[in-house]
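Visitor: Next up, start_0.pdb (PDB, C-alpha atoms (C1' of nucleotides)).
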```pdb
ATOM      1  CA  MET M1043     -16.128  -8.666   8.956
ATOM      2  CA  ASP M1044     -17.512  -6.746  11.871
ATOM      3  CA  ASP M1045     -16.856  -3.181  12.959
ATOM      4  CA  ILE M1046     -13.732  -4.224  14.844
ATOM      5  CA  ASP M1047     -12.230  -5.724  11.690
ATOM      6  CA  ARG M1048     -13.024  -2.534   9.816
ATOM      7  CA  ARG M1049     -11.380  -0.513  12.522
ATOM      8  CA  LEU M1050      -8.262  -2.690  12.416
ATOM      9  CA  ILE M1051      -8.079  -2.305   8.652
ATOM     10  CA  ALA M1052      -8.447   1.468   8.908
ATOM     11  CA  LEU M1053      -5.607   1.630  11.416
ATOM     12  CA  LEU M1054      -3.367  -0.609   9.316
ATOM     13  CA  GLN M1055      -4.074   1.378   6.150
ATOM     14  CA  GLU M1056      -2.874   4.476   7.954
ATOM     15  CA  ASP M1057       0.274   2.850   9.343
ATOM     16  CA  ALA M1058       1.000  -0.839   8.977
ATOM     17  CA  THR M1059       4.178  -0.584  11.078
ATOM     18  CA  VAL M1060       2.348  -0.230  14.400
ATOM     19  CA  SER M1061       2.740  -3.008  16.957
ATOM     20  CA  TYR M1062      -0.157  -5.345  17.687
ATOM     21  CA  ALA M1063      -0.277  -3.871  21.165
ATOM     22  CA  THR M1064      -0.928  -0.376  19.771
ATOM     23  CA  LEU M1065      -3.276  -1.773  17.154
ATOM     24  CA  GLY M1066      -5.264  -3.596  19.816
ATOM     25  CA  LYS M1067      -5.491  -0.488  21.944
ATOM     26  CA  GLY M1068      -6.934   1.431  19.005
ATOM     27  CA  ALA M1069      -9.606  -1.207  18.510
ATOM     28  CA  GLY M1070     -10.318  -2.080  22.134
ATOM     29  CA  LEU M1071      -8.553  -5.450  21.962
ATOM     30  CA  SER M1072      -5.585  -7.158  23.537
ATOM     31  CA  ALA M1073      -2.440  -7.516  21.433
ATOM     32  CA  GLY M1074      -3.050 -11.227  21.008
ATOM     33  CA  ALA M1075      -6.635 -10.796  19.865
ATOM     34  CA  ALA M1076      -5.650  -8.068  17.416
ATOM     35  CA  HIS M1077      -2.957 -10.342  16.060
ATOM     36  CA  GLU M1078      -5.365 -13.235  15.615
ATOM     37  CA  ARG M1079      -7.929 -11.106  13.806
ATOM     38  CA  VAL M1080      -5.346  -9.631  11.460
ATOM     39  CA  ARG M1081      -3.975 -13.095  10.763
ATOM     40  CA  LYS M1082      -7.450 -14.228   9.724
ATOM     41  CA  LEU M1083      -8.031 -11.140   7.589
ATOM     42  CA  ARG M1084      -4.851 -12.017   5.709
ATOM     43  CA  GLU M1085      -5.782 -15.683   5.475
ATOM     44  CA  ARG M1086      -9.214 -14.853   4.037
ATOM     45  CA  GLY M1087      -7.592 -12.525   1.498
ATOM     46  CA  VAL M1088      -9.315  -9.428   2.838
ATOM     47  CA  ILE M1089      -5.857  -8.005   3.456
ATOM     48  CA  ARG M1090      -3.959  -8.863   0.276
ATOM     49  CA  ARG M1091      -0.533  -7.635   1.283
ATOM     50  CA  THR M1092       1.479  -5.165   3.262
ATOM     51  CA  THR M1093       3.212  -2.696   0.984
ATOM     52  CA  VAL M1094       4.838   0.723   0.839
ATOM     53  CA  GLU M1095       3.350   3.813  -0.766
ATOM     54  CA  VAL M1096       5.914   5.679  -2.826
ATOM     55  CA  ASP M1097       6.132   9.208  -4.216
ATOM     56  CA  PRO M1098       5.811   8.673  -7.993
ATOM     57  CA  ALA M1099       7.878  11.757  -8.820
ATOM     58  CA  ALA M1100      10.828  10.332  -6.869
ATOM     59  CA  LEU M1101      10.728   7.288  -9.153
ATOM     60  CA  ASP M1102      10.734   9.402 -12.327
ATOM     61  CA  ARG M1103       7.008   8.974 -12.791
ATOM     62  CA  GLY M1104       5.845  12.534 -12.295
ATOM     63  CA  VAL M1105       3.469  12.604 -15.270
ATOM     64  CA  LEU M1106       0.094  10.936 -14.688
ATOM     65  CA  ALA M1107      -2.392  10.206 -17.446
ATOM     66  CA  PHE M1108      -5.526   8.152 -17.943
ATOM     67  CA  VAL M1109      -5.863   6.562 -21.355
ATOM     68  CA  MET M1110      -9.046   5.206 -22.905
ATOM     69  CA  VAL M1111      -8.035   2.405 -25.259
ATOM     70  CA  ASP M1112     -10.474   1.685 -28.096
ATOM     71  CA  SER M1113     -10.404  -1.642 -29.816
ATOM     72  CA  THR M1114     -11.903  -3.554 -32.687
ATOM     73  CA  ALA M1115     -11.900  -6.874 -30.826
ATOM     74  CA  TRP M1116     -12.842  -8.129 -27.393
ATOM     75  CA  MET M1117      -9.977  -7.263 -25.071
ATOM     76  CA  GLY M1118     -10.966  -9.608 -22.286
ATOM     77  CA  GLU M1119      -7.874 -11.771 -22.674
ATOM     78  CA  SER M1120      -5.260  -9.080 -23.179
ATOM     79  CA  ALA M1121      -4.249  -8.477 -19.566
ATOM     80  CA  ASP M1122      -0.686  -9.647 -20.151
ATOM     81  CA  ALA M1123      -0.144  -7.308 -23.074
ATOM     82  CA  PHE M1124      -1.013  -4.345 -20.870
ATOM     83  CA  ALA M1125       0.931  -5.689 -17.902
ATOM     84  CA  ALA M1126       4.032  -5.889 -20.083
ATOM     85  CA  ILE M1127       4.118  -2.088 -20.232
ATOM     86  CA  ALA M1128       5.827  -1.069 -16.963
ATOM     87  CA  GLU M1129       4.454   2.467 -17.081
ATOM     88  CA  ILE M1130       0.882   1.170 -16.785
ATOM     89  CA  GLN M1131      -0.144   1.086 -13.155
ATOM     90  CA  GLU M1132      -3.742  -0.067 -13.615
ATOM     91  CA  ALA M1133      -5.822  -1.539 -16.431
ATOM     92  CA  HIS M1134      -9.584  -2.021 -16.346
ATOM     93  CA  VAL M1135     -12.044  -3.398 -18.879
ATOM     94  CA  ILE M1136     -14.814  -0.840 -19.076
ATOM     95  CA  ALA M1137     -18.371  -0.502 -20.197
ATOM     96  CA  GLY M1138     -18.810   2.276 -22.700
ATOM     97  CA  SER M1139     -17.334   3.277 -26.042
ATOM     98  CA  ALA M1140     -13.697   2.456 -25.279
ATOM     99  CA  SER M1141     -12.853  -0.970 -24.038
ATOM    100  CA  VAL M1142      -9.927  -0.591 -21.647
ATOM    101  CA  LEU M1143      -9.019   2.248 -19.318
ATOM    102  CA  VAL M1144      -5.394   2.418 -18.178
ATOM    103  CA  LYS M1145      -3.611   4.593 -15.659
ATOM    104  CA  VAL M1146      -0.141   5.520 -16.858
ATOM    105  CA  ARG M1147       2.804   7.139 -15.080
ATOM    106  CA  THR M1148       5.850   8.383 -16.966
ATOM    107  CA  ALA M1149       8.699  10.821 -16.396
ATOM    108  CA  THR M1150       7.813  13.080 -19.328
ATOM    109  CA  THR M1151       5.047  13.649 -21.857
ATOM    110  CA  GLY M1152       7.480  12.335 -24.443
ATOM    111  CA  GLN M1153       7.515   9.017 -22.649
ATOM    112  CA  LEU M1154       3.747   9.123 -22.441
ATOM    113  CA  GLN M1155       3.676   9.392 -26.207
ATOM    114  CA  ASP M1156       5.905   6.349 -26.386
ATOM    115  CA  VAL M1157       3.496   4.406 -24.188
ATOM    116  CA  LEU M1158       0.660   5.317 -26.555
ATOM    117  CA  ARG M1159       2.752   3.980 -29.420
ATOM    118  CA  ARG M1160       3.225   0.702 -27.559
ATOM    119  CA  LEU M1161      -0.499   0.536 -26.809
ATOM    120  CA  TYR M1162      -1.242   0.792 -30.531
ATOM    121  CA  ALA M1163       1.032  -2.188 -31.039
ATOM    122  CA  ILE M1164      -1.296  -4.381 -28.975
ATOM    123  CA  GLU M1165      -3.462  -6.593 -31.192
ATOM    124  CA  GLY M1166      -6.953  -5.210 -31.631
ATOM    125  CA  VAL M1167      -6.191  -1.694 -30.392
ATOM    126  CA  SER M1168      -7.646   0.869 -32.769
ATOM    127  CA  GLY M1169      -7.283   4.126 -30.911
ATOM    128  CA  THR M1170      -6.390   5.941 -27.698
ATOM    129  CA  GLN M1171      -7.598   9.046 -25.903
ATOM    130  CA  ALA M1172      -5.172  10.301 -23.287
ATOM    131  CA  THR M1173      -6.164  12.642 -20.476
ATOM    132  CA  VAL M1174      -3.297  14.168 -18.539
ATOM    133  CA  SER M1175      -3.662  14.957 -14.848
ATOM    134  CA  LEU M1176      -2.639  18.482 -13.900
ATOM    135  CA  GLU M1177      -2.875  17.931 -10.157
ATOM    136  CA  THR M1178      -3.801  15.030  -7.929
ATOM    137  CA  PHE M1179      -6.188  16.143  -5.172
ATOM    138  CA  PHE M1180      -5.733  12.883  -3.311
ATOM    139  CA  GLU M1181      -5.209   9.148  -3.655
ATOM    140  CA  ARG M1182      -6.180   7.108  -0.613
ATOM    141  CA  PRO M1183      -6.921   3.549   0.458
ATOM    142  CA  VAL M1184     -10.378   2.098  -0.067
ATOM    143  CA  SER M1185     -12.457   3.268   2.870
ATOM    144  CA  PRO M1186     -13.408   0.388   5.167
ATOM    145  CA  LEU M1187     -16.220   2.466   6.660
ATOM    146  CA  PRO M1188     -19.705   2.198   5.204
ATOM    147  CA  GLY M1189     -21.435   5.145   3.493
TER     148      GLY M1189
ATOM    149  CA  MET R 179      18.181   7.174  -5.570
ATOM    150  CA  ASP R 180      20.454   4.599  -7.099
ATOM    151  CA  ASP R 181      19.657   1.120  -8.338
ATOM    152  CA  ILE R 182      19.956  -0.346  -4.838
ATOM    153  CA  ASP R 183      17.279   2.040  -3.552
ATOM    154  CA  ARG R 184      15.030   1.050  -6.445
ATOM    155  CA  ARG R 185      15.616  -2.587  -5.653
ATOM    156  CA  LEU R 186      14.763  -2.038  -1.981
ATOM    157  CA  ILE R 187      11.573  -0.228  -2.952
ATOM    158  CA  ALA R 188      10.574  -3.008  -5.332
ATOM    159  CA  LEU R 189      11.052  -5.609  -2.592
ATOM    160  CA  LEU R 190       9.112  -3.570  -0.043
ATOM    161  CA  GLN R 191       6.262  -2.965  -2.483
ATOM    162  CA  GLU R 192       5.937  -6.696  -2.890
ATOM    163  CA  ASP R 193       6.053  -7.438   0.842
ATOM    164  CA  ALA R 194       6.757  -4.793   3.444
ATOM    165  CA  THR R 195       6.729  -7.342   6.267
ATOM    166  CA  VAL R 196      10.109  -8.845   5.374
ATOM    167  CA  SER R 197      12.928  -8.414   7.862
ATOM    168  CA  TYR R 198      15.792  -6.041   7.122
ATOM    169  CA  ALA R 199      18.059  -9.079   6.991
ATOM    170  CA  THR R 200      15.994 -10.616   4.162
ATOM    171  CA  LEU R 201      15.609  -7.244   2.499
ATOM    172  CA  GLY R 202      19.364  -6.709   2.607
ATOM    173  CA  LYS R 203      20.012 -10.136   1.143
ATOM    174  CA  GLY R 204      17.745  -9.314  -1.778
ATOM    175  CA  ALA R 205      19.655  -6.131  -2.482
ATOM    176  CA  GLY R 206      23.176  -7.350  -1.687
ATOM    177  CA  LEU R 207      23.390  -5.438   1.592
ATOM    178  CA  SER R 208      23.700  -6.190   5.284
ATOM    179  CA  ALA R 209      20.639  -5.814   7.476
ATOM    180  CA  GLY R 210      22.011  -2.630   9.015
ATOM    181  CA  ALA R 211      22.788  -1.019   5.665
ATOM    182  CA  ALA R 212      19.364  -1.912   4.310
ATOM    183  CA  HIS R 213      17.780  -0.462   7.417
ATOM    184  CA  GLU R 214      19.708   2.779   7.053
ATOM    185  CA  ARG R 215      18.774   3.199   3.394
ATOM    186  CA  VAL R 216      15.107   2.529   4.035
ATOM    187  CA  ARG R 217      15.166   4.993   6.920
ATOM    188  CA  LYS R 218      16.507   7.672   4.578
ATOM    189  CA  LEU R 219      13.983   6.842   1.868
ATOM    190  CA  ARG R 220      11.240   7.411   4.442
ATOM    191  CA  GLU R 221      12.885  10.580   5.729
ATOM    192  CA  ARG R 222      13.134  12.045   2.207
ATOM    193  CA  GLY R 223       9.482  11.219   1.586
ATOM    194  CA  VAL R 224      10.245   8.770  -1.227
ATOM    195  CA  ILE R 225       8.484   6.125   0.849
ATOM    196  CA  ARG R 226       5.374   7.871   2.112
ATOM    197  CA  ARG R 227       3.988   5.161   4.350
ATOM    198  CA  THR R 228       3.629   1.475   4.984
ATOM    199  CA  THR R 229       0.071   0.339   4.408
ATOM    200  CA  VAL R 230      -2.090  -2.691   3.675
ATOM    201  CA  GLU R 231      -3.756  -3.486   0.372
ATOM    202  CA  VAL R 232      -7.335  -4.631   0.836
ATOM    203  CA  ASP R 233      -9.811  -6.519  -1.338
ATOM    204  CA  PRO R 234     -12.429  -3.848  -2.180
ATOM    205  CA  ALA R 235     -15.232  -6.398  -2.485
ATOM    206  CA  ALA R 236     -14.652  -7.552   1.088
ATOM    207  CA  LEU R 237     -15.297  -3.982   2.227
ATOM    208  CA  ASP R 238     -18.559  -3.724   0.271
ATOM    209  CA  ARG R 239     -16.918  -1.797  -2.518
ATOM    210  CA  GLY R 240     -17.213  -4.248  -5.362
ATOM    211  CA  VAL R 241     -18.400  -1.733  -7.960
ATOM    212  CA  LEU R 242     -15.658   0.393  -9.522
ATOM    213  CA  ALA R 243     -16.330   3.418 -11.707
ATOM    214  CA  PHE R 244     -14.410   6.342 -13.121
ATOM    215  CA  VAL R 245     -16.342   9.586 -13.281
ATOM    216  CA  MET R 246     -15.480  12.637 -15.367
ATOM    217  CA  VAL R 247     -16.819  15.657 -13.547
ATOM    218  CA  ASP R 248     -17.586  18.704 -15.719
ATOM    219  CA  SER R 249     -17.747  22.116 -14.163
ATOM    220  CA  THR R 250     -18.559  25.720 -14.931
ATOM    221  CA  ALA R 251     -15.891  27.088 -12.592
ATOM    222  CA  TRP R 252     -12.254  26.388 -11.815
ATOM    223  CA  MET R 253     -12.191  23.378  -9.503
ATOM    224  CA  GLY R 254      -8.624  23.868  -8.309
ATOM    225  CA  GLU R 255      -9.687  24.560  -4.716
ATOM    226  CA  SER R 256     -12.366  21.911  -4.322
ATOM    227  CA  ALA R 257     -10.258  19.050  -3.010
ATOM    228  CA  ASP R 258     -12.077  18.949   0.330
ATOM    229  CA  ALA R 259     -15.502  18.707  -1.274
ATOM    230  CA  PHE R 260     -14.406  15.571  -3.117
ATOM    231  CA  ALA R 261     -12.548  14.156  -0.133
ATOM    232  CA  ALA R 262     -15.752  14.432   1.912
ATOM    233  CA  ILE R 263     -17.284  11.676  -0.211
ATOM    234  CA  ALA R 264     -15.952   8.441   1.304
ATOM    235  CA  GLU R 265     -16.650   6.403  -1.825
ATOM    236  CA  ILE R 266     -14.163   8.497  -3.820
ATOM    237  CA  GLN R 267     -10.764   6.842  -3.734
ATOM    238  CA  GLU R 268      -8.919   9.262  -6.007
ATOM    239  CA  ALA R 269      -9.548  12.710  -7.473
ATOM    240  CA  HIS R 270      -7.420  14.384 -10.134
ATOM    241  CA  VAL R 271      -7.687  17.758 -11.874
ATOM    242  CA  ILE R 272      -7.396  16.995 -15.546
ATOM    243  CA  ALA R 273      -6.625  18.674 -18.828
ATOM    244  CA  GLY R 274      -9.385  18.190 -21.338
ATOM    245  CA  SER R 275     -13.094  18.848 -21.546
ATOM    246  CA  ALA R 276     -14.032  17.690 -18.040
ATOM    247  CA  SER R 277     -12.210  19.207 -15.125
ATOM    248  CA  VAL R 278     -11.935  16.507 -12.478
ATOM    249  CA  LEU R 279     -11.592  12.742 -12.823
ATOM    250  CA  VAL R 280     -12.575  10.650  -9.810
ATOM    251  CA  LYS R 281     -12.264   6.973  -9.048
ATOM    252  CA  VAL R 282     -15.287   5.701  -7.128
ATOM    253  CA  ARG R 283     -15.945   2.423  -5.320
ATOM    254  CA  THR R 284     -19.396   1.457  -4.083
ATOM    255  CA  ALA R 285     -21.263  -1.690  -3.101
ATOM    256  CA  THR R 286     -23.941  -1.344  -5.786
ATOM    257  CA  THR R 287     -24.747   0.687  -8.864
ATOM    258  CA  GLY R 288     -27.520   2.254  -6.819
ATOM    259  CA  GLN R 289     -24.927   3.644  -4.460
ATOM    260  CA  LEU R 290     -22.918   4.823  -7.441
ATOM    261  CA  GLN R 291     -25.953   6.814  -8.528
ATOM    262  CA  ASP R 292     -26.096   8.354  -5.078
ATOM    263  CA  VAL R 293     -22.451   9.396  -5.349
ATOM    264  CA  LEU R 294     -23.233  11.091  -8.659
ATOM    265  CA  ARG R 295     -26.049  12.963  -6.929
ATOM    266  CA  ARG R 296     -23.614  14.147  -4.242
ATOM    267  CA  LEU R 297     -21.119  15.174  -6.899
ATOM    268  CA  TYR R 298     -23.757  17.380  -8.509
ATOM    269  CA  ALA R 299     -24.219  19.054  -5.137
ATOM    270  CA  ILE R 300     -20.629  20.336  -5.234
ATOM    271  CA  GLU R 301     -20.500  23.993  -6.206
ATOM    272  CA  GLY R 302     -19.587  24.539  -9.840
ATOM    273  CA  VAL R 303     -20.271  20.959 -10.952
ATOM    274  CA  SER R 304     -22.349  20.955 -14.124
ATOM    275  CA  GLY R 305     -22.255  17.370 -15.251
ATOM    276  CA  THR R 306     -20.844  13.875 -14.837
ATOM    277  CA  GLN R 307     -19.964  10.986 -17.129
ATOM    278  CA  ALA R 308     -19.569   7.699 -15.326
ATOM    279  CA  THR R 309     -17.724   4.733 -16.782
ATOM    280  CA  VAL R 310     -18.184   1.463 -14.947
ATOM    281  CA  SER R 311     -15.383  -1.090 -14.815
ATOM    282  CA  LEU R 312     -16.418  -4.603 -15.811
ATOM    283  CA  GLU R 313     -13.165  -6.243 -14.784
ATOM    284  CA  THR R 314      -9.888  -5.055 -13.338
ATOM    285  CA  PHE R 315      -6.953  -6.591 -15.209
ATOM    286  CA  PHE R 316      -4.523  -5.408 -12.543
ATOM    287  CA  GLU R 317      -3.694  -2.658 -10.088
ATOM    288  CA  ARG R 318      -0.078  -2.566  -8.997
ATOM    289  CA  PRO R 319       2.418  -0.285  -7.297
ATOM    290  CA  VAL R 320       4.266   2.346  -9.296
ATOM    291  CA  SER R 321       7.190   0.550 -10.908
ATOM    292  CA  PRO R 322      10.525   1.707  -9.477
ATOM    293  CA  LEU R 323      12.346   0.341 -12.523
ATOM    294  CA  PRO R 324      13.027   2.628 -15.473
ATOM    295  CA  GLY R 325      11.418   2.106 -18.891
TER     296      GLY R 325
ATOM    297  C1'  DT F 350     -12.556 -16.158  19.985
ATOM    298  C1'  DA F 351      -9.902 -13.731  23.839
ATOM    299  C1'  DT F 352      -6.215 -13.819  27.238
ATOM    300  C1'  DG F 353      -1.553 -14.084  29.202
ATOM    301  C1'  DA F 354       3.066 -15.718  29.187
ATOM    302  C1'  DA F 355       7.334 -17.699  27.155
ATOM    303  C1'  DA F 356      10.572 -18.321  23.296
ATOM    304  C1'  DA F 357      12.334 -16.776  19.006
ATOM    305  C1'  DG F 358      13.319 -13.124  16.178
ATOM    306  C1'  DA F 359      13.439  -8.352  14.453
ATOM    307  C1'  DG F 360      14.084  -3.397  15.188
ATOM    308  C1'  DG F 361      16.865   0.435  16.461
ATOM    309  C1'  DA F 362      21.208   2.740  17.906
ATOM    310  C1'  DA F 363      25.777   2.414  19.025
ATOM    311  C1'  DG F 364      30.714   2.386  17.354
ATOM    312  C1'  DT F 365      34.350   0.978  13.607
ATOM    313  C1'  DG F 366      36.452   0.513   9.124
TER     314       DG F 366
ATOM    315  C1'  DC S 475      28.360   4.707   3.442
ATOM    316  C1'  DA S 476      28.371  -0.053   4.909
ATOM    317  C1'  DC S 477      29.204  -3.521   8.455
ATOM    318  C1'  DT S 478      28.839  -5.518  13.201
ATOM    319  C1'  DT S 479      27.314  -5.826  17.813
ATOM    320  C1'  DC S 480      24.241  -5.280  21.564
ATOM    321  C1'  DC S 481      20.031  -4.370  23.954
ATOM    322  C1'  DT S 482      15.149  -3.777  23.722
ATOM    323  C1'  DC S 483      10.750  -4.561  21.979
ATOM    324  C1'  DT S 484       7.754  -7.254  19.060
ATOM    325  C1'  DT S 485       6.147 -11.040  16.880
ATOM    326  C1'  DT S 486       4.689 -15.663  17.172
ATOM    327  C1'  DT S 487       3.221 -19.629  19.424
ATOM    328  C1'  DC S 488       0.938 -22.154  22.971
ATOM    329  C1'  DA S 489      -1.758 -23.313  26.995
ATOM    330  C1'  DT S 490      -5.996 -21.859  29.180
ATOM    331  C1'  DA S 491     -10.596 -20.274  29.714
TER     332       DA S 491
END
```
Could you render the structure as structure tokens?

Guide:
Amino acid sequence: MDDIDRRLIALLQEDATVSYATLGKGAGLSAGAAHERVRKLRERGVIRRTTVEVDPAALDRGVLAFVMVDSTAWMGESADAFAAIAEIQEAHVIAGSASVLVKVRTATTGQLQDVLRRLYAIEGVSGTQATVSLETFFERPVSPLPG
Amino acid sequence: MDDIDRRLIALLQEDATVSYATLGKGAGLSAGAAHERVRKLRERGVIRRTTVEVDPAALDRGVLAFVMVDSTAWMGESADAFAAIAEIQEAHVIAGSASVLVKVRTATTGQLQDVLRRLYAIEGVSGTQATVSLETFFERPVSPLPG
DNA sequence: TATGAAAAGAGGAAGTG
DNA sequence: CACTTCCTCTTTTCATA
């Protein structure tokens, strides 16, 4: 992971459809060398996958909320229960009073309420605190640049 | 946006490097038809971009925290101030006691502390409450399927 | 690891049903 | 809208340094 790798990642995060020739030019490499480096980044798992970024509203997921899920038991083994709820985009075990923080996207606040109901149905869950997002300033890839 | 479009999006989210021929097969379409639909999804802004998903730890961003940022003033115009902090991956204006929720990734908790210091330097910011993630259950694309 | 070149395959743009 | 065809460019592999 040197500065060239970071540069390649930055370029791919911006647009992963560019050719290796263009990619190499942007990093001061030949197409072949750029290709080889990217292949290794994938092999090492640094680049996990190539994917598309979608407008949530277009998929009927215009309502964004973060929900703190309190529990009476250790939730460390409950990943599947959260993953089974399609509206949950992320789930993290957290330090602090609650035990799991989830990011939820639904079409309406009514559906958000339904997600909360399903969260309560998970074993050990004792409470939820939902915080609705009014506006998203930005959501961007993890910066490969230091600082 | 019919079911075929949703299917195409689901396949692309999983692996955006597949050929249009493979993509079409997965959605019951010819390569050309799949290509045309994907082109339109991009044109309409449903698909925003093709990008790569990266392992945060490999980029020296192994510490994940969510920070509630309290403020004394309306933060609705402060997007740039948050965007200027490279460690911030997302920033959302929220309903509730705090006014902005940010997702932060740093190499160490020391660097997290430094981000908090820089958050305090933003005009109007009166306080922060950081919640550190101990484990990420999952982070996945927005589900294109209903329910 | 980088380069350069050759073969295999995919992208992109026609025209047709 | 979807399918097919055709041409171009890219990806992928390999030999070489």

Visitor: Any chance you could work out the residue set of the PyMOL selection byres ((chain S and resi 480-488) around 7) here, as a list in words?

Guide: Ser1061 of chain M; DT479 and DA489 of chain S

Visitor: Leaving out Val241 (chain R) and any residue of its chain fewer than 2 positions from it, which residues lie within 8 Å of it when counting all atoms listed in the file, given as number ranges by chain?

Guide: R: 235, 239, 243, 283-287, 290, 310-311

Visitor: What are the residues of chain F lining chain M at 10 Å or less? Count all atoms listed in the file, and put the answer as a VMD selection string.

Guide: chain F and resid 350 to 353

Visitor: What gap, in Å, lies between CA of Glu1181 (chain M) and CA of Gly240 (chain R)?

Guide: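 Interatomic distance here is 18.1 Å.
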
Visitor: When you look at Arg1182 (chain M) with a cut-off of 10 Å (counting all atoms listed in the file), what residues show up, excluding the ones that are within fewer than 2 positions of it in the same chain? I need them as a list in words.

Guide: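 In the requested format, the answer is Gln1055, Glu1056, Phe1180, Val1184 and Ser1185 of chain M; Ala261, Ile266, Gln267, Glu268 and Ala269 of chain R.
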
Visitor: Name the residues within 10 Å of (-12.6, -0.2, -21.7), counting only C-alpha atoms (C1' of nucleotides) in the file's coordinates, and put them as JSON, numbers by chain.

Guide: {"M": [1109, 1110, 1111, 1112, 1113, 1116, 1117, 1118, 1133, 1134, 1135, 1136, 1137, 1138, 1139, 1140, 1141, 1142, 1143, 1144], "R": [309, 310, 311, 312, 313]}

Visitor: State, in Å with one decimal place, the distance from CA of Ala251 (chain R) to CA of Gly302 (chain R).

Guide: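 Separating CA of Ala251 (chain R) from CA of Gly302 (chain R) is a distance of 5.3 Å.
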
Visitor: Using only the atoms of region 1110-1117 of chain M listed in the file, plus 6 Å on each side, state the axis-aligned box centre and edge lengths in Å rounded to one decimal, as AutoDock Vina command-line options.

Guide:
```
--center_x -10.4 --center_y -1.5 --center_z -27.8 --size_x 16.8 --size_y 25.3 --size_z 21.8
```

Visitor: Leaving out Leu1158 (chain M) and any residue of its chain fewer than 4 positions from it, which residues lie within 9 Å of it when counting only C-alpha atoms (C1' of nucleotides), given as a ChimeraX atom specification?

Guide: /M:1109,1153-1154,1162-1163,1170,1172

Visitor: If I take CA of Ile225 (chain R) and CA of Thr1092 (chain M), how far is one from the other in Å, to one decimal?

Guide: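 Straight-line distance from CA of Ile225 (chain R) to CA of Thr1092 (chain M) works out to 13.5 Å.
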
Visitor: I'd like the contact shell of His213 (chain R) - 9 Å cut-off, all atoms listed in the file, skipping same-chain residues fewer than 6 positions apart - returned as JSON, numbers by chain.

Guide: {"R": [198, 199, 201, 202]}

Visitor: Under the PyMOL selection byres ((chain S) within 10 of (chain R)), which residues of this model are included? Write them out as a PDB file with C-alpha atoms (C1' of nucleotides), keeping the file's coordinate frame.

Guide:
```
ATOM      1  C1'  DC S 475      28.360   4.707   3.442  1.00  0.00           C
ATOM      2  C1'  DA S 476      28.371  -0.053   4.909  1.00  0.00           C
ATOM      3  C1'  DC S 477      29.204  -3.521   8.455  1.00  0.00           C
ATOM      4  C1'  DT S 478      28.839  -5.518  13.201  1.00  0.00           C
TER       5       DT S 478
END
```

Visitor: Using only C-alpha atoms, pick whichever of R:Arg296, R:Arg217, R:Arg227, R:Lys281 has the shortest atom-to-atom distance to chain M.

Guide: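 Answer, going by the shortest atom-to-atom distance: R:Arg227.
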
Visitor: For the structure provided, state which residues fall under the PyMOL selection byres ((chain R and resi 187) around 12), and present them as a PyMOL selection string.

Guide: (chain M and resi 1093-1098+1100-1101) or (chain R and resi 179-186+188-194+201-202+204-205+212+215-220+224-228+319-323)

Visitor: Let me make sure I understand: among M:Ala1126, M:Leu1161, M:Val1146, M:Ala1121, which one has the smallest atom-to-atom distance to chain R if we use only C-alpha atoms?

Guide: M:Ala1121

Visitor: Would you please work out which residue, of R:Gln291, R:Ile300, R:Glu221, R:Asp238, is nearest to chain M when using all atoms listed in the file?

Guide: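 Answer, going by the shortest atom-to-atom distance: R:Asp238.
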
Visitor: Measuring between only C-alpha atoms, which one of M:Arg1086, M:Gly1152, M:Val1167, M:Thr1064 shows the shortest distance to Phe1124 (chain M)?

Guide: M:Val1167
